[in-house]
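What's in upload-v2.csv: CSV, C-alpha atoms
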chain,number,residue,atom,x,y,z
V,1,MET,CA,-10.7,-10.4,-17.4
V,2,LYS,CA,-10.5,-14.0,-16.3
V,3,ASN,CA,-6.8,-14.6,-16.2
V,4,LEU,CA,-4.4,-15.4,-13.3
V,5,ALA,CA,-3.0,-11.9,-13.1
V,6,ASN,CA,-6.4,-10.3,-12.6
V,7,ILE,CA,-7.4,-13.0,-10.1
V,8,LEU,CA,-4.3,-12.3,-8.1
V,9,THR,CA,-5.2,-8.6,-8.2
V,10,LEU,CA,-8.8,-9.2,-6.9
V,11,THR,CA,-7.5,-11.6,-4.2
V,12,ARG,CA,-6.3,-8.6,-2.2
V,13,LEU,CA,-9.9,-7.3,-2.1
V,14,VAL,CA,-11.3,-10.8,-1.2
V,15,LEU,CA,-8.8,-11.0,1.7
V,16,LEU,CA,-9.9,-7.8,3.3
V,17,PRO,CA,-13.3,-8.8,4.9
V,18,PRO,CA,-11.8,-11.8,6.9
V,19,MET,CA,-8.8,-9.6,7.8
V,20,ILE,CA,-11.1,-6.9,9.2
V,21,VAL,CA,-13.0,-9.5,11.3
V,22,LEU,CA,-9.7,-10.9,12.6
V,23,PHE,CA,-8.5,-7.4,13.7
V,24,PHE,CA,-11.4,-7.3,16.2
V,25,ILE,CA,-10.7,-10.7,17.7
V,26,PRO,CA,-8.3,-9.9,20.6
V,27,PHE,CA,-6.4,-13.2,20.6
V,28,PRO,CA,-2.9,-13.9,19.3
V,29,TRP,CA,-4.1,-16.6,16.9
V,30,ALA,CA,-6.4,-14.0,15.2
V,31,ALA,CA,-3.5,-11.6,14.8
V,32,TRP,CA,-1.2,-14.2,13.4
V,33,THR,CA,-3.9,-15.5,11.0
V,34,CYS,CA,-4.5,-11.9,9.9
V,35,LEU,CA,-0.7,-11.6,9.3
V,36,ALA,CA,-0.8,-14.7,7.2
V,37,LEU,CA,-3.6,-13.3,5.0
V,38,TYR,CA,-1.7,-10.0,4.9
V,39,ILE,CA,1.4,-11.7,3.6
V,40,ILE,CA,-0.6,-13.5,0.9
V,41,GLY,CA,-2.2,-10.1,-0.1
V,42,ALA,CA,1.2,-8.4,-0.1
V,43,ALA,CA,2.7,-11.2,-2.2
V,44,THR,CA,-0.1,-10.8,-4.8
V,45,ASP,CA,0.8,-7.2,-5.1
V,46,TRP,CA,4.1,-8.2,-6.6
V,47,LEU,CA,3.0,-11.5,-8.2
V,48,ASP,CA,0.1,-10.1,-10.3
V,49,GLY,CA,2.4,-7.8,-12.2
V,50,TRP,CA,5.0,-10.5,-12.7
V,51,VAL,CA,2.4,-12.9,-14.0
V,52,ALA,CA,0.9,-10.3,-16.3
V,53,ARG,CA,4.3,-9.5,-17.9
V,54,LYS,CA,5.7,-13.0,-17.9
V,55,PHE,CA,2.6,-14.7,-19.4
V,56,ASN,CA,1.4,-11.8,-21.5
V,57,GLN,CA,-1.8,-11.3,-19.4
V,58,ILE,CA,-1.7,-7.5,-19.3
V,59,SER,CA,-5.3,-6.3,-19.7
V,60,GLU,CA,-7.2,-3.0,-19.4
V,61,PHE,CA,-9.0,-4.4,-16.4
V,62,GLY,CA,-5.7,-5.3,-14.7
V,63,THR,CA,-4.1,-2.0,-15.6
V,64,LEU,CA,-7.1,-0.2,-14.1
V,65,MET,CA,-7.7,-2.4,-11.0
V,66,ASP,CA,-4.2,-3.1,-9.8
V,67,PRO,CA,-3.4,0.4,-8.5
V,68,ILE,CA,-6.9,0.8,-7.2
V,69,THR,CA,-6.7,-2.5,-5.4
V,70,ASP,CA,-3.3,-1.6,-4.0
V,71,LYS,CA,-4.6,1.6,-2.5
V,72,ILE,CA,-7.7,0.0,-1.1
V,73,PHE,CA,-5.6,-2.8,0.5
V,74,VAL,CA,-3.0,-0.5,2.0
V,75,VAL,CA,-5.5,2.2,3.3
V,76,THR,CA,-7.9,-0.4,4.8
V,77,ILE,CA,-5.1,-2.1,6.7
V,78,LEU,CA,-3.7,1.2,8.0
V,79,LEU,CA,-7.1,2.3,9.1
V,80,MET,CA,-7.8,-1.0,10.8
V,81,LEU,CA,-4.5,-0.6,12.7
V,82,VAL,CA,-5.7,2.8,13.9
V,83,ALA,CA,-9.2,1.5,14.7
V,84,VAL,CA,-7.9,-1.3,17.0
V,85,GLY,CA,-5.3,1.0,18.7
V,86,ARG,CA,-2.1,-0.5,17.2
V,87,ILE,CA,-1.3,2.9,15.8
V,88,GLU,CA,-2.4,5.8,18.0
V,89,ASN,CA,-1.6,9.3,19.2
V,90,LEU,CA,1.1,11.0,17.2
V,91,TRP,CA,2.0,7.8,15.4
V,92,VAL,CA,-1.3,8.3,13.4
V,93,LEU,CA,0.5,11.1,11.6
V,94,SER,CA,2.5,8.4,9.6
V,95,VAL,CA,-0.8,6.9,8.5
V,96,ALA,CA,-2.1,10.3,7.4
V,97,ILE,CA,1.1,11.1,5.4
V,98,ILE,CA,1.0,7.7,3.7
V,99,ILE,CA,-2.7,8.0,2.8
V,100,VAL,CA,-2.5,11.6,1.5
V,101,ARG,CA,0.5,10.7,-0.6
V,102,GLU,CA,-1.3,7.7,-2.1
V,103,PHE,CA,-4.2,9.8,-3.2
V,104,ALA,CA,-2.0,12.8,-4.3
V,105,VAL,CA,0.2,10.7,-6.5
V,106,SER,CA,-2.8,8.9,-8.0
V,107,GLY,CA,-4.4,12.2,-8.8
V,108,LEU,CA,-1.2,13.5,-10.4
V,109,ARG,CA,-1.0,10.4,-12.6
V,110,GLU,CA,-4.6,10.7,-13.5
V,111,TYR,CA,-4.1,14.4,-14.4
V,112,LEU,CA,-0.9,13.9,-16.3
V,113,GLY,CA,-1.8,10.6,-18.1
V,114,PRO,CA,-3.9,12.1,-20.8
V,115,LYS,CA,-1.1,14.6,-21.5
V,116,ASN,CA,1.2,11.6,-22.1
V,117,ILE,CA,3.3,12.4,-19.1
V,118,LYS,CA,4.3,9.4,-17.0
V,119,LEU,CA,5.3,9.4,-13.3
V,120,PRO,CA,7.2,6.1,-13.2
V,121,VAL,CA,7.7,4.4,-9.8
V,122,THR,CA,11.2,5.3,-8.5
V,123,ARG,CA,13.6,2.9,-6.8
V,124,LEU,CA,13.1,4.9,-3.5
V,125,ALA,CA,9.3,4.5,-3.8
V,126,LYS,CA,9.8,0.8,-4.1
V,127,TRP,CA,11.9,0.9,-0.9
V,128,LYS,CA,9.1,2.9,0.7
V,129,THR,CA,6.6,0.3,-0.2
V,130,ALA,CA,8.8,-2.5,1.1
V,131,LEU,CA,9.4,-0.8,4.5
V,132,GLN,CA,5.7,0.1,4.7
V,133,MET,CA,4.7,-3.5,4.1
V,134,ILE,CA,7.1,-4.8,6.7
V,135,ALA,CA,6.0,-2.2,9.2
V,136,THR,CA,2.3,-2.9,8.6
V,137,GLY,CA,2.9,-6.7,9.0
V,138,ILE,CA,4.8,-6.1,12.3
V,139,LEU,CA,2.0,-3.9,13.6
V,140,ILE,CA,-0.7,-6.5,12.8
V,141,VAL,CA,1.0,-8.8,15.4
V,142,GLY,CA,2.7,-6.1,17.4
V,143,PRO,CA,0.9,-6.6,20.7
V,144,PHE,CA,1.8,-10.3,20.7
V,145,PHE,CA,5.6,-10.1,20.8
V,146,TRP,CA,8.0,-8.0,22.8
V,147,GLY,CA,8.7,-4.6,21.3
V,148,GLY,CA,6.4,-5.3,18.3
V,149,GLN,CA,4.4,-2.1,18.6
V,150,MET,CA,7.4,0.1,18.9
V,151,ILE,CA,9.4,-1.6,16.1
V,152,GLY,CA,6.3,-1.4,13.8
V,153,GLN,CA,5.6,2.2,14.6
V,154,LEU,CA,9.2,3.3,14.1
V,155,ALA,CA,9.4,1.4,10.8
V,156,LEU,CA,6.1,3.0,9.7
V,157,THR,CA,7.5,6.4,10.6
V,158,GLY,CA,10.6,5.6,8.5
V,159,ALA,CA,8.2,4.7,5.6
V,160,SER,CA,6.3,7.9,6.1
V,161,VAL,CA,9.5,10.0,5.8
V,162,ILE,CA,10.4,8.2,2.6
V,163,THR,CA,6.8,8.8,1.5
V,164,LEU,CA,7.3,12.6,2.0
V,165,ILE,CA,10.5,12.5,0.0
V,166,THR,CA,9.1,10.4,-2.9
V,167,GLY,CA,5.8,12.4,-2.9
V,168,TRP,CA,7.7,15.6,-3.2
V,169,GLY,CA,9.7,14.2,-6.1
V,170,TYR,CA,6.6,13.2,-7.9
V,171,LEU,CA,5.0,16.6,-7.2
V,172,LYS,CA,8.1,18.4,-8.4
V,173,THR,CA,8.2,16.4,-11.7
V,174,ALA,CA,4.5,17.0,-12.2
V,175,LEU,CA,4.9,20.8,-11.5
V,176,ASP,CA,7.8,20.9,-13.9
V,177,HIS,CA,5.7,19.4,-16.7
V,178,MET,CA,2.8,21.7,-15.9
V,179,GLY,CA,5.1,24.7,-16.0
V,180,LYS,CA,6.3,23.7,-19.5
V,181,LYS,CA,2.7,23.6,-20.7
V,182,ALA,CA,1.7,26.9,-19.2
Could you render the structure from this file as structure tokens?
Amino acid sequence: MKNLANILTLTRLVLLPPMIVLFFIPFPWAAWTCLALYIIGAATDWLDGWVARKFNQISEFGTLMDPITDKIFVVTILLMLVAVGRIENLWVLSVAIIIVREFAVSGLREYLGPKNIKLPVTRLAKWKTALQMIATGILIVGPFFWGGQMIGQLALTGASVITLITGWGYLKTALDHMGKKA
């Protein structure tokens, strides 16, 4: 359990409490500090997998915790953006779409895994994640630069559209496999 890849995975969880506190401090320095912590957390999302593969640090703990940690990190940040009013009104629909898809795809993978059916991450899903990360980062500091809120909300809406597309693709693949087994 004690290897660099697992430490990087857990870093995302360790970053969340100070980020949550920073969200409630209404000054630009707090938002920019929160963004810096968010960037570190987002970087560990990529880096932990790279380190695990490159240095043969793949472990059962990491295989279990990485996707869980990703979901906790993403969902917490999105909920904090709603809590502090950086995402509000109809824009919250994007957050709901992203959260529902995260849980639905996790559930599909959980259900299909024991049946030896994989739902690999698609290229479009990677683009969705990248756009979602960029949008979220912009929204963290959105009130503190001109147009930040609107740019972040539009980018998050774009990510939620891709989320619907990729979520449907995963669901269709899962249903196809379920149909073959019926």
- Task: Tell me, as a PyMOL selection string, which residues lie within 10 Å of segment 105-113 of chain V, counting all atoms listed in the file; anything in the same chain fewer than 4 positions away does not count.
- Result: chain V and resi 67-68+71+100-101+117-120+166-168+170-171+173-175+177-178
For the selection you just gave me, I'd like the residues written to a file as a compact mmCIF listing (two decimals), in the frame of the given file, keeping C-alpha atoms.
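Result file is again35.txt:
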# COMPACT_ATOMS: atom_id res chain seq x y z
CA PRO V 67 -3.40 0.40 -8.50
CA ILE V 68 -6.90 0.80 -7.20
CA LYS V 71 -4.60 1.60 -2.50
CA VAL V 100 -2.50 11.60 1.50
CA ARG V 101 0.50 10.70 -0.60
CA ILE V 117 3.30 12.40 -19.10
CA LYS V 118 4.30 9.40 -17.00
CA LEU V 119 5.30 9.40 -13.30
CA PRO V 120 7.20 6.10 -13.20
CA THR V 166 9.10 10.40 -2.90
CA GLY V 167 5.80 12.40 -2.90
CA TRP V 168 7.70 15.60 -3.20
CA TYR V 170 6.60 13.20 -7.90
CA LEU V 171 5.00 16.60 -7.20
CA THR V 173 8.20 16.40 -11.70
CA ALA V 174 4.50 17.00 -12.20
CA LEU V 175 4.90 20.80 -11.50
CA HIS V 177 5.70 19.40 -16.70
CA MET V 178 2.80 21.70 -15.90
- Message: Taking all atoms listed in the file into account, name the residue in V:Leu164, V:Leu139, V:Gly41, V:Thr63 that is nearest to Ala96 of chain V.
- Response: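 Of V:Leu164, V:Leu139, V:Gly41, V:Thr63, the one nearest Ala96 of chain V is V:Leu164, counting all atoms listed in the file.
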- Task: Find, counting all atoms listed in the file, the residue in V:Pro17, V:Thr11, V:Lys115, V:Arg53 that gets nearest to Met65 of chain V.
- Result: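 With all atoms listed in the file as the atom set, the closest residue is V:Thr11.
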- Message: Which residue is closest to Pro28 of chain V? Choose from V:Met150, V:Val82, V:Ile162, V:Val141 and count only C-alpha atoms.
- Response: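 Ranked by minimum distance to Pro28 of chain V, first place goes to V:Val141.
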- From V:Gln153, V:Asn89, V:Thr69, V:Thr33, residue lying nearest Asn6 of chain V [all atoms listed in the file]: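 Residue with the minimum atom-to-atom distance to Asn6 of chain V: V:Thr69.
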- Which one of V:Ile87, V:Ile72, V:Ala52, V:Leu10 sits closest to Glu102 of chain V if you count all atoms listed in the file?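 When distances to Glu102 of chain V are compared using all atoms listed in the file, the smallest one comes from V:Ile72.
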- Message: Report as a list in words all protein, DNA and RNA residues lying within 10 Å of Ala42 of chain V, evaluated on all atoms listed in the file, omitting residues in the same chain fewer than 2 positions from it.
- Response: Arg12, Ala36, Leu37, Tyr38, Ile39, Ile40, Thr44, Asp45, Trp46, Leu47, Asp70, Phe73, Val74, Ala130, Met133, Ile134 and Gly137 of chain V
- At what distance in Å, to one decimal, does atom CA of Val21 of chain V lie from atom CA of Gln149 of chain V?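 These two atoms are separated by 20.3 Å.
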- For atom CA of Leu35 of chain V and atom CA of Val121 of chain V, the interatomic separation in Å (one decimal): 26.3 Å
Find the residues near Ile140 of chain V: any atom within 8 Å, counting only C-alpha atoms, skip ones fewer than 3 places away on the same chain, and give them as a PDB file with C-alpha atoms, in the frame of the given file.
ATOM      1  CA  PHE V  23      -8.500  -7.400  13.700  1.00  0.00           C
ATOM      2  CA  ALA V  31      -3.500 -11.600  14.800  1.00  0.00           C
ATOM      3  CA  TRP V  32      -1.200 -14.200  13.400  1.00  0.00           C
ATOM      4  CA  CYS V  34      -4.500 -11.900   9.900  1.00  0.00           C
ATOM      5  CA  LEU V  35      -0.700 -11.600   9.300  1.00  0.00           C
ATOM      6  CA  LEU V  81      -4.500  -0.600  12.700  1.00  0.00           C
ATOM      7  CA  ARG V  86      -2.100  -0.500  17.200  1.00  0.00           C
ATOM      8  CA  THR V 136       2.300  -2.900   8.600  1.00  0.00           C
ATOM      9  CA  GLY V 137       2.900  -6.700   9.000  1.00  0.00           C
TER      10      GLY V 137
END
- Message: One decimal, in Å: what's the spacing between atom CA of Ile151 of chain V and atom CA of Ser94 of chain V?
- Response: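 According to the coordinates, atom CA of Ile151 of chain V and atom CA of Ser94 of chain V are separated by 13.8 Å.
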- Message: I'd like to know which of V:Gly152, V:Ile77, V:Phe144, V:Ile58 is closest to Ala30 of chain V, using all atoms listed in the file.
- Response: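 Of V:Gly152, V:Ile77, V:Phe144, V:Ile58, the one nearest Ala30 of chain V is V:Phe144, counting all atoms listed in the file.
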